[in-house]
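Read the structure below first, then the notes.
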Amino acid sequence: MAHIHTPIPSLKLNDGASVPMLAYGTGTAWFKSGEGSEIDKTLIDSIKTAIKLEYYHLDGAEVYKTEPELGSAIKESGIARDKLFVTTKVMFGVSDIAKAIKTSLEKLQLDYVDLYLIHAPFFFKSDEEMQKAWAAMEQVKVDGLAKTIGVSNYLPKHLETTLKTAKIPPAVNQIEFHPYLQHKDLLDFHKKHNIATFAYGPLTALTKAAPGPVDDYIAALSTKYAVNPAEIFLRWCIDQDVVPVTTSGKEQRLSDYLRCATFKLTPKEIQEINDLGDQKHYRAFFKDKFAADDRS
Ligand SMILES: NC(=O)c1ccc[n+]([C@@H]2O[C@H](COP(=O)([O-])OP(=O)(O)OC[C@H]3O[C@@H](n4cnc5c(N)ncnc54)[C@H](OP(=O)(O)O)[C@@H]3O)[C@@H](O)[C@H]2O)c1
């Protein structure tokens with residue numbers, strides 16, 4: 001199997017941290033329902049494969065129940081800790097973040113994570129609750145348990161509420177992002193406030209929302225750059241300073257995804273994907289929180 005050696009580019013965050021612009025995720029396909037106490041050996045092997053292929057940005061979450069696998073894979077891979085950028089997120093434990101981060105670190109067998117995220121704003125009952133949670137996140141950073149702190153699934157209104165009382169602004173907002181959900185207002189807000197956009201579900205137009213208006217153009221670009229459609233979707237993120245968070249259980253696919261580091265889309269090609277993508281709206285996650293035609 002060809003091993004692609006072109007390094008994945010990095011993005012500088014508003015607190016000075018540097019993050020590899022392609023992440024391996026341990027949610028969705030790997031998500032454990034029920035108790036989640038059984039160890040998923042296939043996932044451990046897949047994470048080790050990803051690390052071997054030089055995926056150093058690893059995305060986890062309390063709610064995926066895969067932190068133990070992530071921890072074991074990191075340990076078994078023998079990789080130096082400072083090479084990795086490890087993310088986890090808090091959802092169930094949001095009312096006691098000080099405790100939640102300790103539990104997560106224990107499961108991960110780590111002293112710190114590189115990035116800690118509030119998983120979603122939908123569970124807060126008031127603005128005060130959201131602001132209090134952010135203050136607890138700031139303490140996690142002060143205590144050195146997370147190098148960088150951020151949020152996920154926040155809309156401009158949630159970021160505004162958070163920024164009103166924040167001493168440290170969120171560095172990252174991890175959102176569903178693909179041509180059929182481009183979040184233009186949110187991305188403008190991120191740019192204005194120097195918050196990095198991380199994209200989960202970056203392959204949705206290919207995996208869940210096909211067929212669609214971008215298909216033919218993506219196929220043409222795949223031929224032009226001699227890559228798979230997946231790599232075009234990943235590069236479309238990177239070329240807009242967005243960090244894609246993807247995954248695969250297949251080594252070949254993980255290896256292929258790395259080809260997104262070997263070419264660049266032109267501004268005209270990005271615009272064409274954006275324009276075609278605008279012709280359709282599709283949301284794969286948190287559908288119950290939004291009206292069917294709500295693109296925010
Ligand atoms: N913050 C949040 O609320 C949130 C929500 C969702 C996800 N996430 C994070 O984002 C990560 C990635 O999310 P995602 O899985 O939705 O991302 P994605 O990049 O859109 O999809 C990855 C999936 O696409 C499949 N795939 C790739 N190429 C394909 C092809 N040509 N045909 C058919 N299937 C193909 C892979 O399956 P194979 O395994 O078969 O290759 C893999 O399961 C998660 O693991 C999680 O870490 C965060």
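Lettering and numbering for the structure tokens are positional, with chains as A, B, ... in the shown order, residues counted from 1 in each chain, and ligands counted from 1 in the shown order.
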
Neighbours of ligand 1 at 7 Å or closer, counting only C-alpha atoms and all ligand atoms: which residues, as a ChimeraX atom specification? /A:24-30,59-60,119-120,152-153,174-176,200-204,206-207,230,245-250,253,285

Would you mind listing what lies within 12 Å of Ile118 in chain A as a VMD selection string, with only C-alpha atoms counted and same-chain residues fewer than 3 positions away left out? chain A and resid 61 to 63 87 to 97 100 to 101 115 121 to 124 130 to 138 140 148 to 154 158 to 159 162 170 to 175

Give me every strand (DSSP E) residue in range 103-284 of chain A, going by DSSP on the backbone, as a VMD selection string. chain A and resid 113 to 118 146 to 152 172 to 176 196 to 200 242 to 246

Store the residues of this selection in a file with C-alpha atoms, as an mmCIF file, in the first residue's frame.
```cif
data_model
loop_
_atom_site.group_PDB
_atom_site.id
_atom_site.type_symbol
_atom_site.label_atom_id
_atom_site.label_comp_id
_atom_site.auth_asym_id
_atom_site.auth_seq_id
_atom_site.Cartn_x
_atom_site.Cartn_y
_atom_site.Cartn_z
ATOM 1 C CA VAL A 113 -5.785 16.745 26.215
ATOM 2 C CA ASP A 114 -4.785 19.159 23.498
ATOM 3 C CA LEU A 115 -8.361 20.282 22.984
ATOM 4 C CA TYR A 116 -11.430 20.084 25.218
ATOM 5 C CA LEU A 117 -14.816 20.994 23.750
ATOM 6 C CA ILE A 118 -18.315 21.575 25.110
ATOM 7 C CA ALA A 146 -6.463 20.940 28.365
ATOM 8 C CA LYS A 147 -4.031 23.027 26.330
ATOM 9 C CA THR A 148 -6.831 24.552 24.265
ATOM 10 C CA ILE A 149 -10.551 24.944 24.928
ATOM 11 C CA GLY A 150 -13.456 25.342 22.551
ATOM 12 C CA VAL A 151 -17.014 24.442 21.699
ATOM 13 C CA SER A 152 -18.959 22.337 19.239
ATOM 14 C CA VAL A 172 -12.449 26.249 18.069
ATOM 15 C CA ASN A 173 -16.038 25.527 17.073
ATOM 16 C CA GLN A 174 -16.469 21.996 15.698
ATOM 17 C CA ILE A 175 -19.554 21.912 13.461
ATOM 18 C CA GLU A 176 -21.211 19.824 10.784
ATOM 19 C CA ALA A 196 -11.168 28.151 14.070
ATOM 20 C CA THR A 197 -13.762 26.032 12.277
ATOM 21 C CA PHE A 198 -13.440 22.250 12.561
ATOM 22 C CA ALA A 199 -15.713 20.252 10.214
ATOM 23 C CA TYR A 200 -17.312 16.988 11.189
ATOM 24 C CA VAL A 242 -11.436 24.578 7.959
ATOM 25 C CA VAL A 243 -10.060 21.462 9.708
ATOM 26 C CA PRO A 244 -11.868 18.308 8.515
ATOM 27 C CA VAL A 245 -12.592 15.583 11.070
ATOM 28 C CA THR A 246 -13.274 12.363 9.222
#
```

Those in range 24-240 of chain A with helix (DSSP H, G or I) from DSSP, as a VMD selection string: chain A and resid 28 to 30 41 to 52 62 to 64 67 to 77 81 to 83 92 to 108 127 to 142 156 to 165 184 to 192 204 to 207 215 to 225 229 to 238

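Minimum atom-to-atom distance to Pro156 in chain A, evaluated using only C-alpha atoms, belongs to A:Ser296 out of A:Gln252, A:Ser77, A:Gln240, A:Ser296.
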
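The nearest approach to Leu108 in chain A among the residues A:His190, A:Lys12, A:Lys75, A:Arg295, with only C-alpha atoms taken into account, belongs to A:Lys75.
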
Atom pair CA of Glu67 in chain A + CA of Thr49 in chain A, distance 16.7 Å
